[in-house]
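S.K.: The structure that follows is given in the form of structure tokens.
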Amino acid sequence: MAVKVCKFGGTSMADGNVMNRVKSIIESDKDRKYVVVSAPGKRYSGDIKITDILYECHKEVAEKGSCGAAFQLIRSRFNSIVRELNIDFDIDSVLDETEMRINTEKDVDFTASRGEYLSARVMAEVLGAKFIDAEDVIFFDENGLYDAEKSDKAIREALRGADKAVFPGFYGKGFNGKVKTFSRGGSDISGAIVARAVNATVYENWTDVSGFLACDPRIVDSPKRIKMLSYKELRELSYMGANVLHSESIFPVRKANIPIHIKNTFRPEDDGTLIQPSVYYTPSGNTVTGIAGKKDFTVIFIEKSLMNSQIGFVRKVLSVLEQYDIPVEHIPSGIDTMSVVIESAALKNGKLELVLKGIKDAVAPDTLRVLEDIALIATVGHGMSSSVGTSARLFKAMAAAEINVKMIDQGSSELNIIVGVNNSDCDNCIRAIYREFFGN
Ligand code: ADP
Ligand code: ASP
Ligand code: MG
């Protein structure tokens, strides 16, 4: 029997009318049994996401002891959703209890999770489905990672006898017994966790675009849709900024080889994008599958004669970063040079200075230089390894657009080429690469 798990994102939950669309999507296919929802997102550009208001609520609680004013916005938004849906549901009692718990728990994760909690309560009512609280079935271990075995078991147990169920996305229960959220956009991960627990035929991820596009539609007007992506390509693109799907969503489904289907709530008839494990993946024939970019990196450039012959050089540099608990993104290297690429946010509050001093003390470099405000742009595709001249085309396109290359890293997977450019060149660079490989 086919079982589909459907995750609906923020814009699909934005108001009562869209929620009614969601209802008809679910009811149009009897295999769509289990639903995971985000908090209501933006209804129009300039609107504020419920999750962002909840972070404001938490600030208000921290400053004033309770969250009166900010919670009023949550209250009126959910009141109008229930009104638009025309359902008989006592949302006020649920809101009263939620406000009380926010004020007593004073916990940022708990507060931020309430958008998903409330929209799942409403959606369960709309569908006449069982509401299953994520804090009862999704667990984190002592390292803060999701505990697959424990969660699988609890989800299956909670679903026993339920024909249809709705789960709130974005959170679960931490090892300390308190509500814990994933990082932003994390409802995509919750959907994947439920899909894996029920061994779904497919994990449908419903959003506001008709699939994974070859690049960010906010940068290039109507980019081409990618029909099929491999898990690996997805991971590269989403990690590098294609945030249509959270970059960690593949981990729960990967083991079970469950495909992810990106679909558009506002155009359900469109094909969308199918993300497949490599066993089922058929290459598109295109050299490049997609392009993504992310801003705000810092590159530390280190030069030292005969670096290659000095045993332990790289280890010594990396151990300085480890000492300050700083994650490293890339390490492009040459014969006498190496660079370390780090997210700038990780080097705030004086950490950059500490790291530079640590590197000087550890390896006494001939040159130590820092490049700040760097954007990384990843050009990704299985087809790149088999077509000759891909990098030449890419760099020619960048040169024609007068974009200065600050750093190059060709991944050892041969799946991507990453270039570093100034933050201010990021969007132009994506446009230039897109034009080269996709036309117009
Ligand atoms: P949801 O609320 O449904 O989770 P998100 O806002 O998280 O939706 O993700 C969808 C958005 O991702 C799109 O509206 C689009 O602006 C943005 N996006 C960025 N890169 C891409 C891409 N390569 N393909 C499609 N959408 C992208
Ligand atoms: N509501 C959360 C956020 O805004 C999680 C999600 O939408 O996936 O980040
Ligand atoms: Mg999202």
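How things are named: the first chain in the structure tokens is A, the next is B, and so on; residues count from 1 in each chain; ligands count from 1 in the order shown.
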Check which residues fall inside 7 Å of ligand 2 when counting only C-alpha atoms and all ligand atoms, and print them as a PyMOL selection string.
M.R.: chain A and resi 9-10+38-39+49+51-52+115-116+169-170+183-188
S.K.: Would you give me, as JSON lines, each residue of stretch 234-279 of chain A having an atom within 9 Å of an atom of stretch 13-31 of chain A, along with its shortest atom pair and that distance in Å to one decimal, using only C-alpha atoms and sorting by chain and residue number?
M.R.:
```
{"residue": "A:Thr265", "atom": "CA", "partner": "A:Val22", "partner_atom": "CA", "distance": 6.9}
{"residue": "A:Phe266", "atom": "CA", "partner": "A:Arg21", "partner_atom": "CA", "distance": 8.0}
{"residue": "A:Pro268", "atom": "CA", "partner": "A:Ile25", "partner_atom": "CA", "distance": 7.5}
```
S.K.: Kindly provide, as a count of residues only, all nucleotide and amino acid residues lying within 8 Å of ligand 1, counting only C-alpha atoms and all ligand atoms.
M.R.: 36
S.K.: So which bits of stretch 323-427 of chain A end up strand (DSSP E or B) when you DSSP the backbone, as a PyMOL selection string?
M.R.: chain A and resi 330+333+337-343+367-380+407-410+416-422
S.K.: Report the closest atom pair, with its distance in Å rounded to one decimal, for each residue of stretch 120-187 of chain A that has an atom no farther than 8 Å from stretch 198-201 of chain A; count only C-alpha atoms, sort by chain and then rising residue number, and write it as JSON lines.
M.R.:
```
{"residue": "A:Asp152", "atom": "CA", "partner": "A:Val198", "partner_atom": "CA", "distance": 7.8}
{"residue": "A:Ile155", "atom": "CA", "partner": "A:Val198", "partner_atom": "CA", "distance": 7.9}
{"residue": "A:Arg156", "atom": "CA", "partner": "A:Val198", "partner_atom": "CA", "distance": 6.7}
```
S.K.: Those residues with N, CA and C atoms, as a CSV table (one decimal), in the first residue's frame please?
M.R.:
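So again.csv came out as:
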```
chain,number,residue,atom,x,y,z
A,152,ASP,N,11.5,6.9,15.4
A,152,ASP,CA,10.8,5.9,14.6
A,152,ASP,C,9.7,5.2,15.4
A,155,ILE,N,6.9,7.4,16.7
A,155,ILE,CA,5.9,7.8,15.6
A,155,ILE,C,5.0,6.6,15.2
A,156,ARG,N,5.6,5.5,15.1
A,156,ARG,CA,4.8,4.3,14.7
A,156,ARG,C,3.7,4.0,15.7
```
S.K.: Return as a count of residues only the full set of residues in stretch 46-202 of chain A whose backbone-based DSSP assignment is alpha helix (DSSP H).
M.R.: 95
S.K.: For A:Gly293, please output as number ranges by chain all residues within 6 Å (counting only C-alpha atoms; exclusion window: fewer than 3 positions along the same chain).
M.R.: A: 240-241, 376-377
S.K.: Can you list, as number ranges by chain, every protein, DNA or RNA residue that comes within 12 Å of A:Lys304 when you count only C-alpha atoms, leaving out same-chain residues fewer than 3 positions away?
M.R.: A: 301, 307-310, 313-314, 333-339, 359-360, 363-369
S.K.: Excluding A:Val220 and its own-chain neighbours fewer than 6 positions away, which residues fall within 10 Å of it when counting only C-alpha atoms? Please give them as a VMD selection string.
M.R.: chain A and resid 214 427 to 428 430 to 432 434 to 435
S.K.: Please determine, counting only C-alpha atoms, which residue among A:Ile189, A:Ile374, A:Leu318, A:Ile219 has the shortest atom-to-atom distance to A:Glu343.
M.R.: A:Ile374
S.K.: Would you mind listing what lies within 12 Å of stretch 91-107 of chain A as a tab-separated table (two decimals) with N, CA, C and O atoms, in the first residue's frame, with only C-alpha atoms counted and same-chain residues fewer than 5 positions away left out?
M.R.:
```
chain	number	residue	atom	x	y	z
A	54	LEU	N	7.13	35.10	17.03
A	54	LEU	CA	7.34	34.35	18.27
A	54	LEU	C	8.72	34.63	18.87
A	54	LEU	O	8.87	34.72	20.09
A	55	TYR	N	9.73	34.80	17.99
A	55	TYR	CA	11.05	35.18	18.54
A	55	TYR	C	10.96	36.55	19.21
A	55	TYR	O	11.61	36.79	20.23
A	56	GLU	N	10.11	37.44	18.67
A	56	GLU	CA	9.87	38.74	19.32
A	56	GLU	C	9.19	38.55	20.67
A	56	GLU	O	9.51	39.23	21.64
A	57	CYS	N	8.23	37.62	20.71
A	57	CYS	CA	7.54	37.32	21.98
A	57	CYS	C	8.56	36.92	23.03
A	57	CYS	O	8.48	37.36	24.19
A	58	HIS	N	9.50	36.08	22.61
A	58	HIS	CA	10.49	35.62	23.60
A	58	HIS	C	11.31	36.80	24.12
A	58	HIS	O	11.60	36.89	25.32
A	59	LYS	N	11.67	37.71	23.20
A	59	LYS	CA	12.44	38.89	23.63
A	59	LYS	C	11.63	39.69	24.66
A	59	LYS	O	12.16	40.16	25.66
A	60	GLU	N	10.35	39.84	24.37
A	60	GLU	CA	9.49	40.60	25.27
A	60	GLU	C	9.41	39.93	26.65
A	60	GLU	O	9.45	40.60	27.68
A	61	VAL	N	9.32	38.60	26.63
A	61	VAL	CA	9.28	37.87	27.91
A	61	VAL	C	10.58	38.11	28.69
A	61	VAL	O	10.57	38.37	29.90
A	62	ALA	N	11.71	38.05	27.94
A	62	ALA	CA	13.00	38.21	28.61
A	62	ALA	C	13.15	39.62	29.19
A	62	ALA	O	13.68	39.80	30.28
A	63	GLU	N	12.62	40.62	28.46
A	63	GLU	CA	12.78	42.00	28.93
A	63	GLU	C	11.74	42.40	29.99
A	63	GLU	O	12.05	43.06	30.97
A	64	LYS	N	10.47	41.99	29.74
A	64	LYS	CA	9.40	42.52	30.60
A	64	LYS	C	8.73	41.46	31.48
A	64	LYS	O	7.83	41.78	32.24
A	65	GLY	N	9.10	40.21	31.31
A	65	GLY	CA	8.50	39.17	32.15
A	65	GLY	C	7.32	38.48	31.50
A	65	GLY	O	6.99	37.34	31.84
A	66	SER	N	6.65	39.15	30.55
A	66	SER	CA	5.56	38.48	29.83
A	66	SER	C	5.43	39.09	28.44
A	66	SER	O	5.98	40.15	28.16
A	67	CYS	N	4.66	38.38	27.56
A	67	CYS	CA	4.70	38.76	26.15
A	67	CYS	C	3.38	39.32	25.65
A	67	CYS	O	2.91	38.92	24.60
A	68	GLY	N	2.80	40.24	26.36
A	68	GLY	CA	1.48	40.79	25.99
A	68	GLY	C	1.36	41.25	24.55
A	68	GLY	O	0.64	40.66	23.74
A	69	ALA	N	2.10	42.31	24.19
A	69	ALA	CA	1.89	42.97	22.89
A	69	ALA	C	2.19	42.07	21.71
A	69	ALA	O	1.38	41.95	20.79
A	70	ALA	N	3.36	41.43	21.72
A	70	ALA	CA	3.73	40.59	20.57
A	70	ALA	C	2.77	39.41	20.42
A	70	ALA	O	2.42	39.02	19.30
A	71	PHE	N	2.31	38.85	21.54
A	71	PHE	CA	1.42	37.69	21.43
A	71	PHE	C	0.06	38.08	20.86
A	71	PHE	O	-0.62	37.26	20.24
A	72	GLN	N	-0.30	39.34	21.01
A	72	GLN	CA	-1.56	39.83	20.44
A	72	GLN	C	-1.60	39.60	18.93
A	72	GLN	O	-2.65	39.26	18.36
A	73	LEU	N	-0.45	39.76	18.28
A	73	LEU	CA	-0.37	39.55	16.82
A	73	LEU	C	-0.63	38.08	16.46
A	73	LEU	O	-1.30	37.75	15.48
A	74	ILE	N	-0.09	37.19	17.30
A	74	ILE	CA	-0.29	35.75	17.08
A	74	ILE	C	-1.78	35.43	17.24
A	74	ILE	O	-2.39	34.73	16.44
A	75	ARG	N	-2.33	35.98	18.30
A	75	ARG	CA	-3.74	35.74	18.62
A	75	ARG	C	-4.64	36.19	17.46
A	75	ARG	O	-5.49	35.42	17.00
A	76	SER	N	-4.41	37.40	16.96
A	76	SER	CA	-5.35	37.88	15.94
A	76	SER	C	-5.14	37.11	14.63
A	76	SER	O	-6.10	36.83	13.91
A	77	ARG	N	-3.90	36.70	14.34
A	77	ARG	CA	-3.65	35.93	13.11
A	77	ARG	C	-4.39	34.58	13.16
A	77	ARG	O	-5.06	34.19	12.21
A	78	PHE	N	-4.28	33.87	14.29
A	78	PHE	CA	-4.95	32.56	14.37
A	78	PHE	C	-6.47	32.71	14.47
A	78	PHE	O	-7.21	31.87	13.97
A	79	ASN	N	-6.91	33.79	15.11
A	79	ASN	CA	-8.35	34.02	15.14
A	79	ASN	C	-8.89	34.21	13.73
A	79	ASN	O	-9.93	33.64	13.37
A	80	SER	N	-8.16	34.97	12.90
A	80	SER	CA	-8.71	35.17	11.55
A	80	SER	C	-8.59	33.90	10.72
A	80	SER	O	-9.46	33.61	9.90
A	81	ILE	N	-7.55	33.10	10.95
A	81	ILE	CA	-7.45	31.82	10.22
A	81	ILE	C	-8.67	30.94	10.52
A	81	ILE	O	-9.33	30.42	9.61
A	82	VAL	N	-9.01	30.83	11.81
A	82	VAL	CA	-10.14	29.97	12.19
A	82	VAL	C	-11.46	30.54	11.64
A	82	VAL	O	-12.33	29.79	11.17
A	83	ARG	N	-11.56	31.85	11.63
A	83	ARG	CA	-12.76	32.49	11.07
A	83	ARG	C	-12.88	32.18	9.57
A	83	ARG	O	-13.93	31.78	9.08
A	85	LEU	N	-11.65	29.74	7.97
A	85	LEU	CA	-11.90	28.31	7.73
A	85	LEU	C	-13.34	27.92	8.08
A	85	LEU	O	-13.82	26.86	7.68
A	86	ASN	N	-13.95	28.79	8.89
A	86	ASN	CA	-15.32	28.54	9.30
A	86	ASN	C	-15.47	27.18	9.99
A	86	ASN	O	-16.37	26.39	9.67
A	112	ALA	N	9.40	29.58	20.12
A	112	ALA	CA	9.49	29.56	18.65
A	112	ALA	C	8.69	28.39	18.05
A	112	ALA	O	8.17	28.49	16.94
A	113	SER	N	8.55	27.31	18.82
A	113	SER	CA	7.87	26.12	18.30
A	113	SER	C	6.35	26.26	18.24
A	113	SER	O	5.67	25.44	17.63
A	114	ARG	N	5.80	27.29	18.90
A	114	ARG	CA	4.34	27.35	19.03
A	114	ARG	C	3.61	27.66	17.73
A	114	ARG	O	2.42	27.39	17.61
A	115	GLY	N	4.30	28.23	16.75
A	115	GLY	CA	3.66	28.49	15.45
A	115	GLY	C	3.27	27.18	14.80
A	115	GLY	O	2.15	27.01	14.29
A	116	GLU	N	4.18	26.23	14.82
A	116	GLU	CA	3.91	24.91	14.24
A	116	GLU	C	2.84	24.19	15.06
A	116	GLU	O	1.95	23.55	14.52
A	117	TYR	N	2.98	24.30	16.41
A	117	TYR	CA	2.01	23.63	17.28
A	117	TYR	C	0.60	24.11	16.96
A	117	TYR	O	-0.31	23.30	16.73
A	118	LEU	N	0.43	25.43	16.87
A	118	LEU	CA	-0.91	25.98	16.65
A	118	LEU	C	-1.42	25.64	15.25
A	118	LEU	O	-2.58	25.27	15.07
A	119	SER	N	-0.54	25.74	14.23
A	119	SER	CA	-1.08	25.45	12.89
A	119	SER	C	-1.41	23.97	12.75
A	119	SER	O	-2.36	23.61	12.06
A	120	ALA	N	-0.67	23.10	13.44
A	120	ALA	CA	-1.01	21.66	13.38
A	120	ALA	C	-2.33	21.38	14.10
A	120	ALA	O	-3.13	20.56	13.65
A	121	ARG	N	-2.55	22.08	15.21
A	121	ARG	CA	-3.83	21.88	15.92
A	121	ARG	C	-4.99	22.27	14.99
A	121	ARG	O	-6.00	21.57	14.91
A	122	VAL	N	-4.84	23.40	14.29
A	122	VAL	CA	-5.91	23.86	13.40
A	122	VAL	C	-6.06	22.89	12.22
A	122	VAL	O	-7.18	22.48	11.89
A	123	MET	N	-4.95	22.50	11.62
A	123	MET	CA	-5.02	21.63	10.43
A	123	MET	C	-5.64	20.27	10.77
A	123	MET	O	-6.39	19.70	9.97
A	125	GLU	N	-7.87	19.74	12.93
A	125	GLU	CA	-9.30	20.02	13.03
A	125	GLU	C	-9.93	20.08	11.63
A	125	GLU	O	-10.99	19.52	11.38
A	178	LYS	N	13.07	19.02	27.45
A	178	LYS	CA	12.36	20.25	27.04
A	178	LYS	C	12.24	20.33	25.52
A	178	LYS	O	13.02	19.70	24.79
A	179	VAL	N	11.29	21.14	25.07
A	179	VAL	CA	11.10	21.30	23.62
A	179	VAL	C	12.37	21.87	23.00
A	179	VAL	O	12.99	22.78	23.54
A	180	LYS	N	12.75	21.28	21.86
A	180	LYS	CA	13.95	21.77	21.16
A	180	LYS	C	13.62	21.91	19.68
A	180	LYS	O	12.97	21.03	19.10
A	181	THR	N	14.03	23.02	19.08
A	181	THR	CA	13.75	23.21	17.65
A	181	THR	C	14.96	22.82	16.80
A	181	THR	O	16.09	22.80	17.28
```
S.K.: Restricting the calculation to only C-alpha atoms and all ligand atoms: of A:Lys7, A:Lys396, A:Lys255, A:His261, which residue gets closest to ligand 3?
M.R.: A:Lys7
